[in-house]
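These notes concern the structure reproduced below.
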Amino acid sequence: MKRTISLLIAAIISVLMSFGALTAFAEEAAPLQAVPAAPSLSASAVTSTSVSLKWAAVENAEGYKLYQYNANTKSYESIKSVAATVTESKVKSLKSATEYTFKVSAYNSAGESVLSNSVARLTLPAKAVISSVKTAKQKATVKIKKQTPADGFTVYMATSKNGKYKKLGDTAKNKYTVKKLKNKKKKYYFKVRAYKTYNGKKIYGDYSSVKSEYVYRYVKTDAAGSVMSEAKFASEKLRGVKKNKYVKLIKKSGHWYKVEYKGETGFVYNRVIKNKSNISRAKVNKDNYTVFLDDLIFERGNSIKTCFDYVKYNMTYSKSSNYRQLNNVDKVEANEDSLASNAIKRKRGNCLSYASLLKTLLERAGHKSYYSYAHSTKYSDNAHCWCVVETENGYRHLDAKRGFYLLTDSQMKKDYRSKDLKSIEGHYPACK
C-alpha cells in the first residue's frame, strides 16, 4: 500500500514538473506576426495603353498584390505581385478610351490584408490619324481614321504648320468639312484629336500628325475650250469644257492655266478663263508670233483644213527678193521665225512666207509637218517652197499659195504648175 502511494506521488510530481517546463517555453517563444493593414491606392499617370498606380508603404508588409476588376466575372483578379520595397507600378497593354478599376493589398507570412480603396481611370483615346484632306470650291473635308471606342474627334486648322491652330468643331463621324474658305489659292493645315466623355468631361488623346492641302481658286469659264494634257495645243485633249463652268485653278504657266475639271487635271488656254486677245497683229514680232498663232487656233480650231484655209485666204502673194538667198530647206528652217512673223504682220509674201506660216501654224496645232523645196528645171533663178503634213492616210502635200490641199506625190507631179519643178529627195517623207 505504501509503495503504491509513493508511486502516485512521484507521478504527480513529474506531471507538475513538465507543466512548468512548457510554461517556461511559452514565455520564451517569440510573439505571433500580425496581418498587414490595407494600403491607400492612387493613380499617378494615364496614357492610351497604361495606368500608373502608387500606394503608401504599410508596416509588416512583405509584398503587395495588384488587382484589376473583371466586368465579366464581376470580381477583382490578381494581375501582379511586387516586393515590399516597391510602392508603384504601371499596368500596360490596356485598351484605349476604356475604364479600368484597380485595388491593391499587402501581405506577409501571417496573411493578406483586405483590398484597398478602388481607383478607376479611363485610358486616353488613341492618337488620331488623318486619312486625307480633300478640297473643293471654298471648302476642305478632313477624313479621319475610324477609332473605337472614342466618342468623336475635335478638328483644328491653321494657315501655317507651326502657327496658331483654331478649333473648328467636334464630329462624331470620321470626317469634318469646313466651308466658306477664301476663294484663292491658299494652303491650310489640319490636326485632330479623339475624345471620350467620362464623368461629364471630355478626355482627349494625342494630336494627330499635321496634314495640309491647298484650297484652290475656282473661276467660271469665259469661253468654251479644251483641257489639254500639256500647256500647248499640240498635246492630247483630255476633255472639253463649256462656257460658264467652274474650274479649279492650280497655277498659271505662260498663256495657260493648270486646272482640274471633272476629275481631269490638265491645261486650258488663258482665253478660256478670260476671253481677250493676247496680242494684236500690229505688235507681232519673231519673238512673240507664236502667241498670235495660239490665239488663232483657239478661235478657229486646230484641224489641218482650218490651218490651210487661214493661210490661203489671209495671205496675198507678192514677189520679193528679200529671201532669194534662202535657196534650200535648211536655210528656210533657220529663218522660220522671221518669215512667219512677217507673213502675219504684212499678210503678204512669197512662197517662203506662205510655207513658213502654214508649217508653224500646223505644228502649234499639233500636226507634224515638213518643208518641201524644189528648183525649176527651166529657170535657174526660179524655185518653190511648200509643206508636207502627216495625216491619218500618210503624208500629203499642202501648198497654200497654189491651193494644193492634201495631194500625193503623183498628184503633185501631174499638175501643170509643178511639172517644171525638180523634187529634192530625202527632205520629207514620201506622199503615197
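By order in the C-alpha cells, chains are A, B, ...; within a chain, residues start at 1; ligands start at 1, following the order shown.
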
**Message:** Could you list, as number ranges by chain, every residue within 12 Å of Thr197 (chain A), counting only C-alpha atoms and ignoring same-chain residues fewer than 3 positions away?
**Reply:** A: 97-99, 122-125, 149-153, 172, 194, 200-205

**Request:** Go through region 58-87 of chain A and collect every residue that DSSP, computed from the backbone, puts in strand (DSSP E); the answer should be as JSON, numbers by chain.
**Result:** {"A": [63, 64, 65, 66, 67, 68, 69, 70, 75, 76, 77, 78, 79, 80, 81, 82, 83]}

Writing out the chosen residues with C-alpha atoms as a compact mmCIF listing (two decimals), in the first residue's frame:
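Output file out.txt follows:
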# COMPACT_ATOMS: atom_id res chain seq x y z
CA GLY A 63 4.98 42.41 -50.65
CA TYR A 64 1.97 43.83 -52.48
CA LYS A 65 -0.59 42.42 -54.90
CA LEU A 66 -2.36 44.42 -57.62
CA TYR A 67 -5.92 43.58 -58.57
CA GLN A 68 -7.96 44.56 -61.63
CA TYR A 69 -11.72 44.43 -61.84
CA ASN A 70 -13.12 41.94 -64.36
CA SER A 75 -14.77 40.27 -59.34
CA TYR A 76 -11.23 41.55 -58.74
CA GLU A 77 -8.46 39.38 -60.15
CA SER A 78 -4.80 39.47 -59.17
CA ILE A 79 -2.64 40.75 -62.03
CA LYS A 80 0.75 41.36 -60.45
CA SER A 81 2.81 40.88 -57.25
CA VAL A 82 5.70 43.15 -56.24
CA ALA A 83 8.25 43.25 -53.42

**Prompt:** Which neighbours of Val219 (chain A) fall inside 9 Å, counting only C-alpha atoms, when residues of the same chain fewer than 5 positions from it are skipped, and could you give them as a PyMOL selection string?
**Reply:** chain A and resi 183+244-249+273

Could you write out that same residue set with all heavy atoms as a tab-separated table (two decimals), in the first residue's frame?
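Generated output (selection19.tsv):
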chain	number	residue	atom	x	y	z
A	183	ASN	N	-11.74	82.26	-101.58
A	183	ASN	CA	-11.67	81.77	-102.95
A	183	ASN	C	-10.38	82.22	-103.61
A	183	ASN	O	-10.34	83.03	-104.52
A	183	ASN	CB	-12.87	82.25	-103.76
A	183	ASN	CG	-12.93	81.59	-105.14
A	183	ASN	OD1	-12.43	80.49	-105.33
A	183	ASN	ND2	-13.55	82.26	-106.09
A	244	ASN	N	-19.11	79.21	-118.86
A	244	ASN	CA	-19.83	79.35	-117.60
A	244	ASN	C	-19.76	78.09	-116.72
A	244	ASN	O	-20.68	77.82	-115.95
A	244	ASN	CB	-21.29	79.73	-117.83
A	244	ASN	CG	-21.44	81.11	-118.47
A	244	ASN	OD1	-20.63	82.00	-118.21
A	244	ASN	ND2	-22.45	81.27	-119.30
A	245	LYS	N	-18.67	77.36	-116.82
A	245	LYS	CA	-18.43	76.21	-115.95
A	245	LYS	C	-17.28	76.55	-114.99
A	245	LYS	O	-16.32	77.21	-115.37
A	245	LYS	CB	-18.07	74.97	-116.77
A	245	LYS	CG	-19.18	74.51	-117.71
A	245	LYS	CD	-20.40	74.04	-116.94
A	245	LYS	CE	-21.50	73.55	-117.88
A	245	LYS	NZ	-22.69	73.09	-117.13
A	246	TYR	N	-17.41	76.07	-113.76
A	246	TYR	CA	-16.35	76.34	-112.78
A	246	TYR	C	-15.21	75.33	-112.92
A	246	TYR	O	-15.43	74.13	-113.01
A	246	TYR	CB	-16.90	76.27	-111.36
A	246	TYR	CG	-17.62	77.54	-110.95
A	246	TYR	CD1	-19.01	77.61	-111.01
A	246	TYR	CD2	-16.90	78.65	-110.51
A	246	TYR	CE1	-19.67	78.78	-110.64
A	246	TYR	CE2	-17.55	79.82	-110.14
A	246	TYR	CZ	-18.94	79.88	-110.21
A	246	TYR	OH	-19.58	81.03	-109.84
A	247	VAL	N	-13.99	75.87	-112.96
A	247	VAL	CA	-12.78	75.04	-112.98
A	247	VAL	C	-11.89	75.44	-111.81
A	247	VAL	O	-11.91	76.60	-111.37
A	247	VAL	CB	-12.00	75.16	-114.31
A	247	VAL	CG1	-12.83	74.66	-115.47
A	247	VAL	CG2	-11.56	76.61	-114.55
A	248	LYS	N	-11.13	74.50	-111.31
A	248	LYS	CA	-10.21	74.78	-110.22
A	248	LYS	C	-8.86	75.22	-110.79
A	248	LYS	O	-8.22	74.46	-111.50
A	248	LYS	CB	-10.03	73.55	-109.33
A	248	LYS	CG	-9.08	73.78	-108.17
A	248	LYS	CD	-9.09	72.60	-107.20
A	248	LYS	CE	-8.20	71.49	-107.63
A	248	LYS	NZ	-8.11	70.41	-106.64
A	249	LEU	N	-8.45	76.43	-110.45
A	249	LEU	CA	-7.15	76.94	-110.91
A	249	LEU	C	-6.04	76.44	-109.99
A	249	LEU	O	-6.10	76.64	-108.78
A	249	LEU	CB	-7.14	78.46	-110.92
A	249	LEU	CG	-8.06	79.18	-111.91
A	249	LEU	CD1	-7.76	80.66	-111.89
A	249	LEU	CD2	-7.90	78.63	-113.32
A	273	ILE	N	-10.45	81.25	-119.61
A	273	ILE	CA	-10.74	81.91	-118.35
A	273	ILE	C	-11.17	83.36	-118.59
A	273	ILE	O	-12.13	83.84	-117.98
A	273	ILE	CB	-9.50	81.88	-117.43
A	273	ILE	CG1	-9.01	80.44	-117.25
A	273	ILE	CG2	-9.80	82.53	-116.08
A	273	ILE	CD1	-10.03	79.48	-116.69

**Message:** So that I can see what lies close to Glu299 (chain A), please list as a count of residues only the residues with an atom at most 10 Å from it, counting only C-alpha atoms and leaving out residues fewer than 3 positions away in the same chain.
**Reply:** 9

**Message:** Which residue is closest to Tyr156 (chain A)? Choose from A:Arg396, A:Arg193, A:Lys220, A:Lys347 and count only C-alpha atoms.
**Reply:** A:Arg193

**Message:** List as a list of chain:residue names the protein and nucleic acid residues near Thr408 (chain A), meaning an atom at most 6 Å away when only C-alpha atoms are counted, but skip any in the same chain fewer than 2 places from it.
**Reply:** A:Arg396, A:Ser410, A:Gln411, A:Cys431, A:Lys432

Write to file, as a PDB file, in the first residue's frame, the residues of the selection just made, with all heavy atoms.
ATOM      1  N   ARG A 396       0.976  64.085-146.855  1.00  0.00           N
ATOM      2  CA  ARG A 396       0.362  64.727-148.009  1.00  0.00           C
ATOM      3  C   ARG A 396       0.953  66.129-148.202  1.00  0.00           C
ATOM      4  O   ARG A 396       1.398  66.771-147.260  1.00  0.00           O
ATOM      5  CB  ARG A 396      -1.153  64.849-147.830  1.00  0.00           C
ATOM      6  CG  ARG A 396      -1.904  63.514-147.828  1.00  0.00           C
ATOM      7  CD  ARG A 396      -1.868  62.854-149.195  1.00  0.00           C
ATOM      8  NE  ARG A 396      -2.637  61.618-149.234  1.00  0.00           N
ATOM      9  CZ  ARG A 396      -2.139  60.414-148.990  1.00  0.00           C
ATOM     10  NH1 ARG A 396      -0.851  60.300-148.672  1.00  0.00           N
ATOM     11  NH2 ARG A 396      -2.892  59.352-149.069  1.00  0.00           N
ATOM     12  N   SER A 410       2.231  61.749-156.757  1.00  0.00           N
ATOM     13  CA  SER A 410       1.811  61.599-158.161  1.00  0.00           C
ATOM     14  C   SER A 410       0.855  62.712-158.570  1.00  0.00           C
ATOM     15  O   SER A 410       0.909  63.219-159.688  1.00  0.00           O
ATOM     16  CB  SER A 410       1.147  60.228-158.376  1.00  0.00           C
ATOM     17  OG  SER A 410       0.017  60.079-157.538  1.00  0.00           O
ATOM     18  N   GLN A 411      -0.030  63.122-157.635  1.00  0.00           N
ATOM     19  CA  GLN A 411      -0.955  64.213-157.931  1.00  0.00           C
ATOM     20  C   GLN A 411      -0.216  65.529-158.114  1.00  0.00           C
ATOM     21  O   GLN A 411      -0.579  66.334-158.969  1.00  0.00           O
ATOM     22  CB  GLN A 411      -1.995  64.332-156.818  1.00  0.00           C
ATOM     23  CG  GLN A 411      -3.008  63.198-156.796  1.00  0.00           C
ATOM     24  CD  GLN A 411      -3.894  63.220-155.565  1.00  0.00           C
ATOM     25  OE1 GLN A 411      -3.464  63.649-154.488  1.00  0.00           O
ATOM     26  NE2 GLN A 411      -5.133  62.763-155.732  1.00  0.00           N
ATOM     27  N   CYS A 431       4.878  60.932-150.140  1.00  0.00           N
ATOM     28  CA  CYS A 431       3.428  61.156-150.041  1.00  0.00           C
ATOM     29  C   CYS A 431       2.732  60.218-151.024  1.00  0.00           C
ATOM     30  O   CYS A 431       2.468  60.591-152.179  1.00  0.00           O
ATOM     31  CB  CYS A 431       3.083  62.605-150.347  1.00  0.00           C
ATOM     32  SG  CYS A 431       3.901  63.783-149.243  1.00  0.00           S
ATOM     33  N   LYS A 432       2.479  59.016-150.579  1.00  0.00           N
ATOM     34  CA  LYS A 432       1.938  57.990-151.489  1.00  0.00           C
ATOM     35  C   LYS A 432       0.418  57.939-151.420  1.00  0.00           C
ATOM     36  O   LYS A 432      -0.180  58.257-150.417  1.00  0.00           O
ATOM     37  CB  LYS A 432       2.513  56.634-151.126  1.00  0.00           C
ATOM     38  CG  LYS A 432       4.028  56.568-151.298  1.00  0.00           C
ATOM     39  CD  LYS A 432       4.549  55.179-150.940  1.00  0.00           C
ATOM     40  CE  LYS A 432       6.052  55.099-151.105  1.00  0.00           C
ATOM     41  NZ  LYS A 432       6.589  53.790-150.744  1.00  0.00           N
TER      42      LYS A 432
END

**Request:** Find the residues around Lys54 (chain A) up to 12 Å (only C-alpha atoms counted), leave out those fewer than 5 positions away in its own chain, and share them as a PyMOL selection string.
**Result:** chain A and resi 39-45+64-66+82+86-91+102-105+116+119

**Asked** For Lys359 (chain A), which of A:Lys175, A:Asn335, A:Thr47, A:Val389 is the closest residue, counting only C-alpha atoms?
**Response** A:Val389

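With distances restricted to only C-alpha atoms, A:Val210 is the closest residue to Ile130 (chain A) from A:Ala224, A:Ala84, A:Val51, A:Val210.
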
**Message:** What parts of region 16-180 of chain A does DSSP call alpha helix (DSSP H)? I'd like the answer as a VMD selection string.
**Reply:** chain A and resid 16 to 28
